[in-house]
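K.L.:
Sharing my_file24.cif (mmCIF, C-alpha atoms) below.
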```cif
data_final
#
loop_
_atom_site.label_atom_id
_atom_site.label_comp_id
_atom_site.auth_asym_id
_atom_site.auth_seq_id
_atom_site.Cartn_x
_atom_site.Cartn_y
_atom_site.Cartn_z
CA GLU D 216 0.00 0.00 0.00
CA ILE D 217 2.85 2.38 0.78
CA ARG D 218 4.41 1.60 -2.58
CA ASP D 219 1.17 2.37 -4.40
CA LEU D 220 0.91 5.70 -2.60
CA LEU D 221 4.50 6.56 -3.50
CA THR D 222 3.82 5.89 -7.17
CA GLN D 223 1.00 8.43 -7.03
CA GLY D 224 3.29 11.15 -5.69
CA ASN D 225 5.25 13.72 -7.68
CA PRO D 226 8.63 14.74 -6.18
CA GLU D 227 8.53 18.07 -8.08
CA LEU D 228 5.41 19.19 -6.20
CA VAL D 229 5.53 20.74 -2.75
CA GLY D 230 4.20 18.06 -0.41
CA THR D 231 4.69 15.37 -3.11
CA TRP D 232 0.94 14.84 -3.47
CA ALA D 233 -1.45 17.38 -4.88
CA ASP D 234 -4.33 15.90 -2.94
CA ALA D 235 -3.99 16.51 0.82
CA SER D 236 -6.13 13.48 1.65
CA VAL D 237 -3.66 11.18 -0.13
CA ARG D 238 -0.82 12.78 1.81
CA GLU D 239 -2.61 12.19 5.12
CA GLN D 240 -3.37 8.61 4.10
CA PHE D 241 0.32 8.06 3.34
CA TYR D 242 1.50 9.30 6.74
CA GLU D 243 -1.20 7.36 8.55
CA THR D 244 -0.21 4.19 6.69
CA VAL D 245 3.48 4.69 7.51
CA HIS D 246 2.65 5.34 11.16
CA GLN D 247 0.47 2.23 11.44
CA THR D 248 3.06 0.09 9.64
CA THR D 249 5.76 1.29 12.04
CA LYS D 250 3.58 0.45 15.05
CA ASP D 251 2.85 -3.02 13.66
CA THR D 252 6.55 -3.60 13.01
CA VAL D 253 7.49 -2.65 16.57
CA GLN D 254 4.75 -4.86 17.99
CA MET D 255 5.89 -7.76 15.83
CA ARG D 256 9.50 -7.32 17.01
CA VAL D 257 8.39 -7.32 20.64
CA THR D 258 6.37 -10.49 20.06
CA LEU D 259 9.30 -12.18 18.33
CA ALA D 260 11.57 -11.13 21.19
CA ILE D 261 9.25 -12.83 23.71
CA TYR D 262 8.81 -16.01 21.67
CA PRO D 263 12.33 -17.42 22.39
CA PHE D 264 11.48 -17.36 26.10
CA VAL D 265 8.40 -19.46 25.35
CA ILE D 266 10.54 -21.96 23.44
CA ILE D 267 13.23 -22.12 26.13
CA SER D 268 10.60 -22.63 28.83
CA ARG D 269 10.01 -26.08 27.38
CA PHE D 270 13.50 -27.02 28.51
CA PHE D 271 12.48 -26.69 32.15
CA LYS D 272 10.16 -29.65 31.72
CA ALA D 273 13.07 -31.67 30.35
CA PHE D 274 15.28 -30.56 33.24
CA SER D 275 13.05 -32.46 35.66
CA ALA D 276 14.27 -35.72 34.13
CA GLN D 277 17.82 -35.04 35.34
CA ALA D 278 18.20 -34.81 39.11
CA ARG D 279 21.03 -32.27 39.19
CA LEU D 280 19.38 -30.03 36.62
CA ALA D 281 16.10 -30.30 38.48
CA MET D 282 17.78 -28.97 41.63
CA VAL D 283 17.67 -25.44 40.22
CA THR D 284 14.04 -25.56 39.11
CA SER D 285 12.97 -27.31 42.33
CA THR D 286 14.73 -24.65 44.39
CA LEU D 287 12.93 -21.85 42.57
CA SER D 288 9.55 -23.57 42.85
CA GLN D 289 10.00 -24.36 46.54
CA ALA D 290 11.22 -20.83 47.33
CA ALA D 291 8.53 -19.08 45.28
CA VAL D 292 6.25 -18.44 48.26
CA ASP D 293 9.02 -16.98 50.42
CA ILE D 294 10.35 -14.92 47.52
CA PHE D 295 6.86 -13.51 46.88
CA HIS D 296 6.50 -12.28 50.46
CA PHE D 297 10.05 -10.97 50.42
CA ALA D 298 9.33 -9.10 47.20
CA ILE D 299 6.46 -7.23 48.85
CA VAL D 300 8.72 -5.86 51.59
CA PHE D 301 11.58 -5.23 49.16
CA GLY D 302 9.27 -3.45 46.71
CA CYS D 303 7.97 -1.09 49.39
CA ILE D 304 11.51 -0.14 50.43
CA PHE D 305 12.66 0.23 46.82
CA LEU D 306 9.69 2.44 45.91
CA LEU D 307 10.36 4.56 48.98
CA TYR D 308 13.92 5.28 47.89
CA THR D 309 12.78 5.88 44.31
CA LEU D 310 10.30 8.50 45.43
CA SER D 311 12.95 10.09 47.63
CA ALA D 312 15.35 10.21 44.67
CA VAL D 313 12.74 11.97 42.53
CA ILE D 314 12.31 14.61 45.24
CA LEU D 315 16.06 15.11 45.75
CA TRP D 316 17.38 15.00 42.18
CA GLY D 317 14.34 15.13 39.91
CA GLY D 318 14.49 18.90 39.47
CA GLU D 319 18.10 18.97 38.27
CA LYS D 320 19.03 15.55 36.89
CA GLU D 321 17.24 14.15 33.85
CA TYR D 322 17.74 10.54 34.98
CA PHE D 323 15.57 11.26 38.02
CA ALA D 324 13.11 13.66 36.36
CA THR D 325 10.21 11.19 36.33
CA PHE D 326 9.28 8.27 38.55
CA THR D 327 9.94 5.76 35.75
CA ARG D 328 13.40 7.16 35.05
CA ALA D 329 14.19 7.33 38.74
CA PHE D 330 13.08 3.72 39.20
CA ASN D 331 15.49 2.58 36.51
CA SER D 332 18.28 4.80 37.85
CA VAL D 333 17.86 3.52 41.40
CA PHE D 334 17.96 -0.06 40.12
CA ARG D 335 21.20 0.71 38.27
CA LEU D 336 22.54 2.35 41.42
CA MET D 337 21.73 -0.82 43.35
CA LEU D 338 23.93 -2.72 40.87
CA GLY D 339 26.76 -0.22 41.33
CA ASP D 340 26.24 1.90 38.21
CA PHE D 341 26.06 5.50 39.48
CA ASP D 342 27.87 8.84 39.30
CA TRP D 343 28.63 10.14 42.78
CA GLU D 344 29.73 13.56 41.55
CA GLU D 345 26.31 14.26 40.02
CA MET D 346 24.54 13.03 43.14
CA HIS D 347 26.35 15.16 45.68
CA ASP D 348 26.11 18.30 43.50
CA VAL D 349 22.52 18.68 44.70
CA GLY D 350 23.58 18.47 48.34
CA ARG D 351 26.34 16.49 49.99
CA PRO D 352 24.54 15.77 53.32
CA GLN D 353 21.34 14.64 51.57
CA ALA D 354 23.28 12.48 49.10
CA LEU D 355 25.36 10.92 51.89
CA LEU D 356 22.30 10.07 53.98
CA TRP D 357 20.35 8.68 51.02
CA PHE D 358 23.27 6.70 49.61
CA TRP D 359 24.46 5.18 52.90
CA THR D 360 21.02 4.12 54.08
CA PHE D 361 20.18 2.68 50.64
CA THR D 362 23.45 0.75 50.45
CA TRP D 363 23.16 -0.75 53.92
CA LEU D 364 19.44 -1.52 53.85
CA VAL D 365 19.00 -2.68 50.25
CA ASN D 366 22.41 -3.92 49.08
CA PHE D 367 23.80 -5.38 52.30
CA ILE D 368 20.65 -6.57 54.07
CA MET D 369 17.76 -7.16 51.66
CA LEU D 370 19.72 -8.71 48.79
CA ASN D 371 21.65 -10.97 51.15
CA MET D 372 18.36 -11.94 52.77
CA LEU D 373 17.07 -12.96 49.35
CA LEU D 374 20.20 -15.01 48.80
CA ALA D 375 19.76 -16.65 52.21
CA ILE D 376 16.16 -17.61 51.37
CA ILE D 377 17.24 -19.25 48.12
CA MET D 378 20.29 -20.99 49.60
CA ASP D 379 18.24 -22.36 52.50
CA ILE D 380 15.84 -24.06 50.10
CA TYR D 381 18.73 -25.11 47.86
CA GLY D 382 20.40 -26.85 50.79
CA ASP D 383 17.22 -28.79 51.52
CA VAL D 384 16.80 -29.76 47.87
CA LYS D 385 20.44 -30.79 47.56
CA ALA D 386 20.15 -33.00 50.63
CA PHE D 387 17.71 -35.16 48.67
CA SER D 388 19.98 -35.31 45.58
CA THR D 389 23.37 -36.10 47.08
CA ASN D 390 23.86 -39.31 45.07
CA ALA D 391 22.23 -38.09 41.86
CA PRO D 392 24.19 -38.94 38.70
CA THR D 393 25.86 -36.15 36.77
CA LEU D 394 24.89 -35.17 33.25
CA TRP D 395 28.02 -36.60 31.65
CA HIS D 396 27.58 -39.83 33.63
CA GLN D 397 24.09 -40.24 32.19
CA ALA D 398 25.35 -39.41 28.70
CA HIS D 399 28.01 -42.10 29.03
CA HIS D 400 25.39 -44.55 30.29
CA ILE D 401 23.12 -43.79 27.32
CA TRP D 402 26.04 -44.29 24.92
CA ASN D 403 26.90 -47.67 26.44
CA ARG D 404 23.25 -48.79 26.33
CA TRP D 405 23.02 -47.76 22.68
CA LYS D 406 26.10 -49.86 21.85
CA LEU D 407 24.63 -52.86 23.66
CA VAL D 408 21.40 -52.53 21.67
CA ARG D 409 23.38 -52.29 18.44
CA GLN D 410 25.32 -55.44 19.37
CA GLY D 411 22.15 -57.34 20.24
CA LYS D 412 23.12 -57.74 23.89
CA ALA D 413 20.24 -55.66 25.22
CA MET D 414 16.71 -54.60 24.35
CA ARG D 415 15.48 -51.04 23.90
CA LEU D 416 13.85 -49.62 27.01
CA SER D 417 10.83 -48.53 24.99
CA GLU D 418 10.32 -52.13 23.89
CA VAL D 419 10.69 -53.36 27.47
CA LEU D 420 8.08 -50.85 28.61
CA THR D 421 5.70 -51.96 25.86
CA LEU D 422 6.11 -55.58 26.92
CA LEU D 423 5.55 -54.88 30.60
CA ASP D 424 2.71 -52.37 30.19
CA PRO D 425 1.27 -52.01 26.67
CA THR D 426 -1.22 -49.33 27.85
CA ASP D 427 1.33 -47.09 29.58
CA LEU D 428 1.07 -44.30 27.00
CA VAL D 429 -2.74 -44.38 26.83
CA GLU D 430 -4.17 -41.26 28.46
CA ASP D 431 -7.41 -42.94 29.58
CA ASP D 432 -5.51 -45.78 31.21
CA GLU D 433 -6.24 -45.82 34.95
CA ASP D 434 -3.29 -46.44 37.22
CA GLU D 435 -3.97 -49.69 39.00
CA GLU D 436 -1.55 -51.42 41.31
CA ASP D 437 -0.21 -54.61 39.83
CA SER D 438 0.02 -57.39 42.40
CA GLU D 439 2.32 -59.46 40.18
CA LEU D 440 5.87 -59.63 41.51
CA VAL D 441 8.45 -58.96 38.78
CA LEU D 442 11.69 -60.88 39.25
CA VAL D 443 14.80 -61.32 37.18
CA GLU D 444 13.49 -64.71 36.07
CA THR D 445 10.25 -63.04 34.95
CA LEU D 446 12.07 -60.68 32.62
CA THR D 447 14.45 -63.31 31.27
CA ASP D 448 12.00 -66.20 30.80
CA GLU D 449 8.84 -64.38 29.70
CA TYR D 450 10.28 -61.35 27.88
CA ASN D 451 13.62 -62.76 26.65
CA LEU D 452 15.81 -60.15 28.32
CA LYS D 453 19.43 -60.73 29.14
CA ILE D 454 20.18 -61.42 32.81
CA ARG D 455 22.42 -58.38 33.14
CA GLN D 456 19.83 -56.00 31.66
CA ALA D 457 17.06 -57.50 33.80
CA GLU D 458 19.10 -56.92 36.96
CA ILE D 459 19.90 -53.33 35.97
CA ILE D 460 16.25 -52.57 35.18
CA LEU D 461 15.05 -53.84 38.57
CA VAL D 462 17.78 -52.00 40.48
CA GLU D 463 17.08 -48.74 38.65
CA ALA D 464 13.34 -49.19 39.25
CA CYS D 465 13.98 -49.43 43.00
CA LYS D 466 16.15 -46.31 42.88
CA MET D 467 13.44 -44.47 40.95
CA MET D 468 10.83 -45.38 43.55
CA ASP D 469 13.11 -44.11 46.32
CA SER D 470 13.69 -40.89 44.39
CA TYR D 471 9.95 -40.43 43.87
CA ALA D 472 9.34 -40.90 47.60
CA LYS D 473 12.00 -38.28 48.37
CA LYS D 474 10.34 -35.84 45.98
CA GLN D 475 7.03 -36.40 47.73
CA ASN D 476 8.71 -35.66 51.03
CA LEU D 477 10.35 -32.60 49.48
CA GLY D 478 6.97 -31.23 48.51
CA GLY D 479 5.94 -31.19 52.15
CA MET D 480 9.28 -29.92 53.38
CA SER D 481 7.92 -26.66 54.77
CA GLU D 482 5.15 -28.54 56.60
CA HIS D 483 7.79 -30.94 57.93
CA ARG D 484 9.83 -28.06 59.33
CA GLN D 485 6.74 -26.61 60.99
CA MET D 486 5.83 -29.97 62.50
CA SER D 487 9.39 -30.34 63.81
CA ARG D 488 9.18 -26.96 65.49
CA ILE D 489 5.78 -27.81 66.97
CA GLU D 490 7.14 -31.14 68.23
CA THR D 491 10.07 -29.35 69.88
CA LYS D 492 7.72 -26.92 71.61
CA VAL D 493 5.48 -29.77 72.78
CA VAL D 494 8.47 -31.63 74.24
CA GLN D 495 9.58 -28.47 76.06
CA ILE D 496 6.08 -27.92 77.48
CA HIS D 497 5.88 -31.59 78.50
CA ARG D 498 9.18 -31.37 80.37
CA PHE D 499 8.06 -28.18 82.06
CA LEU D 500 4.81 -29.79 83.17
CA GLN D 501 6.69 -32.82 84.52
CA ALA D 502 9.02 -30.58 86.50
CA TYR D 503 6.06 -28.56 87.77
CA ALA D 504 4.20 -31.72 88.79
CA ARG D 505 7.23 -33.06 90.68
CA ARG D 506 7.68 -29.74 92.44
CA SER D 507 3.98 -29.54 93.34
CA LYS D 508 4.05 -33.08 94.64
CA HIS D 509 7.10 -32.35 96.74
CA LEU D 510 5.53 -29.20 98.20
CA GLU D 511 2.35 -31.11 98.96
CA LYS D 512 4.24 -33.82 100.86
CA SER D 513 6.25 -31.28 102.80
CA SER D 514 3.11 -29.38 103.79
CA ARG D 515 1.40 -32.50 105.06
CA GLY D 516 4.24 -33.60 107.29
CA PRO D 517 4.81 -37.25 108.30
CA PRO D 518 1.66 -39.38 108.27
CA PRO D 519 0.08 -40.41 111.59
CA GLN D 520 1.25 -43.66 113.19
CA ASN D 521 -2.11 -45.44 112.87
CA GLU D 522 -2.42 -44.42 109.23
CA GLN D 523 1.12 -45.59 108.55
CA ALA D 524 0.38 -48.95 110.19
CA THR D 525 -2.77 -49.30 108.10
CA ARG D 526 -0.76 -48.71 104.92
CA GLU D 527 1.79 -51.33 105.94
CA LEU D 528 -1.02 -53.85 106.51
CA GLU D 529 -2.48 -53.07 103.11
CA LEU D 530 0.91 -53.63 101.49
#
```
The structure given in the file should be rewritten as structure tokens.

P.N.:
Amino acid sequence: EIRDLLTQGNPELVGTWADASVREQFYETVHQTTKDTVQMRVTLAIYPFVIISRFFKAFSAQARLAMVTSTLSQAAVDIFHFAIVFGCIFLLYTLSAVILWGGEKEYFATFTRAFNSVFRLMLGDFDWEEMHDVGRPQALLWFWTFTWLVNFIMLNMLLAIIMDIYGDVKAFSTNAPTLWHQAHHIWNRWKLVRQGKAMRLSEVLTLLDPTDLVEDDEDEEDSELVLVETLTDEYNLKIRQAEIILVEACKMMDSYAKKQNLGGMSEHRQMSRIETKVVQIHRFLQAYARRSKHLEKSSRGPPPQNEQATRELEL
């Protein structure tokens, strides 16, 4: 459309087009095309993130890669609440920066610019000479309080939250195989399949459970006990491969149980704290009961002789 409008124009005329409506249509078309181009570039810039997000699902298949994603998912609740407090403090300093430097420095002239400038200042990108030109005492007070509260305390608190969850996640993945170890294992299994000494795992799965990939298949517990002899006699597997499959299946079940426990890790910590408090209260009550009993005996004094004789007879 722009090309057709250009062919209608005459470069020797002032304004190129004799008809003003055609000129307005040309500029409107160029403006709309530019907006569409920018919007398309933004969409294309976001699309790689959508593609890469699919990798996070694949990361869950490798224990050491899943440590990162599991840490972020487990810490999401704590990070959210931390972000509320951090955002309030950050907005407070941004507003203060607008008031202090907004009238003289263009990077703090508006709230949006000041927000970006304060974020850059948090990362260490700032010009101290421009800041203290407005007023050295004000700049010193603002800069020192911001550095200590945001950089030294809040950011390290965020790191502590993440590392605390990471330590818990890593405790459940201490013996997880590395990526290159799994790659080497896959290479060796591929060679064994090529040499006819092993069967493909997909074929083994089809033999054991033909309906595994069916979405409508209900998960029912199989009471049949699978042994090495079952895999070798009924499904013609090699003894070595049958042993490896059963051992890895046991390890996978243990790993799945650990992941289930990891999901309730925060509840487990709370229950541990509650149990500790209950034990402390129980000990306190025992000590209080012993002390009360001792005071009661001392207040009574020794029992009368007849009563003591009666107790001896009863014994």

K.L.:
Identify all residues satisfying the PyMOL selection byres ((chain D and resi 368-375) around 12) in the given file; provide them as number ranges by chain.

P.N.:
D: 286-287, 290-291, 293-305, 337-338, 360-367, 376-382

K.L.:
Report as a PDB file with C-alpha atoms, in the coordinates of the input the residues that result from applying the PyMOL selection byres ((chain D and resi 412) around 12) to the structure here.

P.N.:
```pdb
ATOM      1  CA  ASN D 403      26.900 -47.670  26.440  1.00  0.00           C
ATOM      2  CA  ARG D 404      23.250 -48.790  26.330  1.00  0.00           C
ATOM      3  CA  TRP D 405      23.020 -47.760  22.680  1.00  0.00           C
ATOM      4  CA  LYS D 406      26.100 -49.860  21.850  1.00  0.00           C
ATOM      5  CA  LEU D 407      24.630 -52.860  23.660  1.00  0.00           C
ATOM      6  CA  VAL D 408      21.400 -52.530  21.670  1.00  0.00           C
ATOM      7  CA  ARG D 409      23.380 -52.290  18.440  1.00  0.00           C
ATOM      8  CA  GLN D 410      25.320 -55.440  19.370  1.00  0.00           C
ATOM      9  CA  GLY D 411      22.150 -57.340  20.240  1.00  0.00           C
ATOM     10  CA  ALA D 413      20.240 -55.660  25.220  1.00  0.00           C
ATOM     11  CA  MET D 414      16.710 -54.600  24.350  1.00  0.00           C
ATOM     12  CA  ARG D 415      15.480 -51.040  23.900  1.00  0.00           C
ATOM     13  CA  ASN D 451      13.620 -62.760  26.650  1.00  0.00           C
ATOM     14  CA  LEU D 452      15.810 -60.150  28.320  1.00  0.00           C
ATOM     15  CA  LYS D 453      19.430 -60.730  29.140  1.00  0.00           C
ATOM     16  CA  ILE D 454      20.180 -61.420  32.810  1.00  0.00           C
ATOM     17  CA  ARG D 455      22.420 -58.380  33.140  1.00  0.00           C
ATOM     18  CA  GLN D 456      19.830 -56.000  31.660  1.00  0.00           C
ATOM     19  CA  ALA D 457      17.060 -57.500  33.800  1.00  0.00           C
TER      20      ALA D 457
END
```

K.L.:
Counting all atoms listed in the file, figure out which residue out of D:Ile460, D:Phe358, D:Cys465, D:Leu394 gets nearest to D:Leu423.

P.N.:
D:Ile460

K.L.:
Using the chain letters and residue numbers of this document, give as a PDB file with C-alpha atoms, in the coordinates of the input the residues selected by the PyMOL selection byres ((chain D and resi 333) around 12).

P.N.:
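Output saved as out17.pdb:
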```pdb
ATOM      1  CA  ILE D 304      11.510  -0.140  50.430  1.00  0.00           C
ATOM      2  CA  PHE D 305      12.660   0.230  46.820  1.00  0.00           C
ATOM      3  CA  LEU D 306       9.690   2.440  45.910  1.00  0.00           C
ATOM      4  CA  LEU D 307      10.360   4.560  48.980  1.00  0.00           C
ATOM      5  CA  TYR D 308      13.920   5.280  47.890  1.00  0.00           C
ATOM      6  CA  THR D 309      12.780   5.880  44.310  1.00  0.00           C
ATOM      7  CA  LEU D 310      10.300   8.500  45.430  1.00  0.00           C
ATOM      8  CA  SER D 311      12.950  10.090  47.630  1.00  0.00           C
ATOM      9  CA  ALA D 312      15.350  10.210  44.670  1.00  0.00           C
ATOM     10  CA  VAL D 313      12.740  11.970  42.530  1.00  0.00           C
ATOM     11  CA  TRP D 316      17.380  15.000  42.180  1.00  0.00           C
ATOM     12  CA  TYR D 322      17.740  10.540  34.980  1.00  0.00           C
ATOM     13  CA  PHE D 323      15.570  11.260  38.020  1.00  0.00           C
ATOM     14  CA  THR D 325      10.210  11.190  36.330  1.00  0.00           C
ATOM     15  CA  PHE D 326       9.280   8.270  38.550  1.00  0.00           C
ATOM     16  CA  THR D 327       9.940   5.760  35.750  1.00  0.00           C
ATOM     17  CA  ARG D 328      13.400   7.160  35.050  1.00  0.00           C
ATOM     18  CA  ALA D 329      14.190   7.330  38.740  1.00  0.00           C
ATOM     19  CA  PHE D 330      13.080   3.720  39.200  1.00  0.00           C
ATOM     20  CA  ASN D 331      15.490   2.580  36.510  1.00  0.00           C
ATOM     21  CA  SER D 332      18.280   4.800  37.850  1.00  0.00           C
ATOM     22  CA  PHE D 334      17.960  -0.060  40.120  1.00  0.00           C
ATOM     23  CA  ARG D 335      21.200   0.710  38.270  1.00  0.00           C
ATOM     24  CA  LEU D 336      22.540   2.350  41.420  1.00  0.00           C
ATOM     25  CA  MET D 337      21.730  -0.820  43.350  1.00  0.00           C
ATOM     26  CA  LEU D 338      23.930  -2.720  40.870  1.00  0.00           C
ATOM     27  CA  GLY D 339      26.760  -0.220  41.330  1.00  0.00           C
ATOM     28  CA  ASP D 340      26.240   1.900  38.210  1.00  0.00           C
ATOM     29  CA  PHE D 341      26.060   5.500  39.480  1.00  0.00           C
ATOM     30  CA  ASP D 342      27.870   8.840  39.300  1.00  0.00           C
ATOM     31  CA  MET D 346      24.540  13.030  43.140  1.00  0.00           C
ATOM     32  CA  TRP D 357      20.350   8.680  51.020  1.00  0.00           C
ATOM     33  CA  PHE D 358      23.270   6.700  49.610  1.00  0.00           C
ATOM     34  CA  PHE D 361      20.180   2.680  50.640  1.00  0.00           C
ATOM     35  CA  THR D 362      23.450   0.750  50.450  1.00  0.00           C
ATOM     36  CA  VAL D 365      19.000  -2.680  50.250  1.00  0.00           C
ATOM     37  CA  ASN D 366      22.410  -3.920  49.080  1.00  0.00           C
TER      38      ASN D 366
END
```

K.L.:
Quick check, in Å to one decimal: how far apart do atom CA of D:Lys320 and atom CA of D:Glu345 lie?

P.N.:
8.0 Å

K.L.:
By how many Å are atom CA of D:Ser388 and atom CA of D:Ala281 apart?

P.N.:
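Distance between the two atoms: 9.5 Å.
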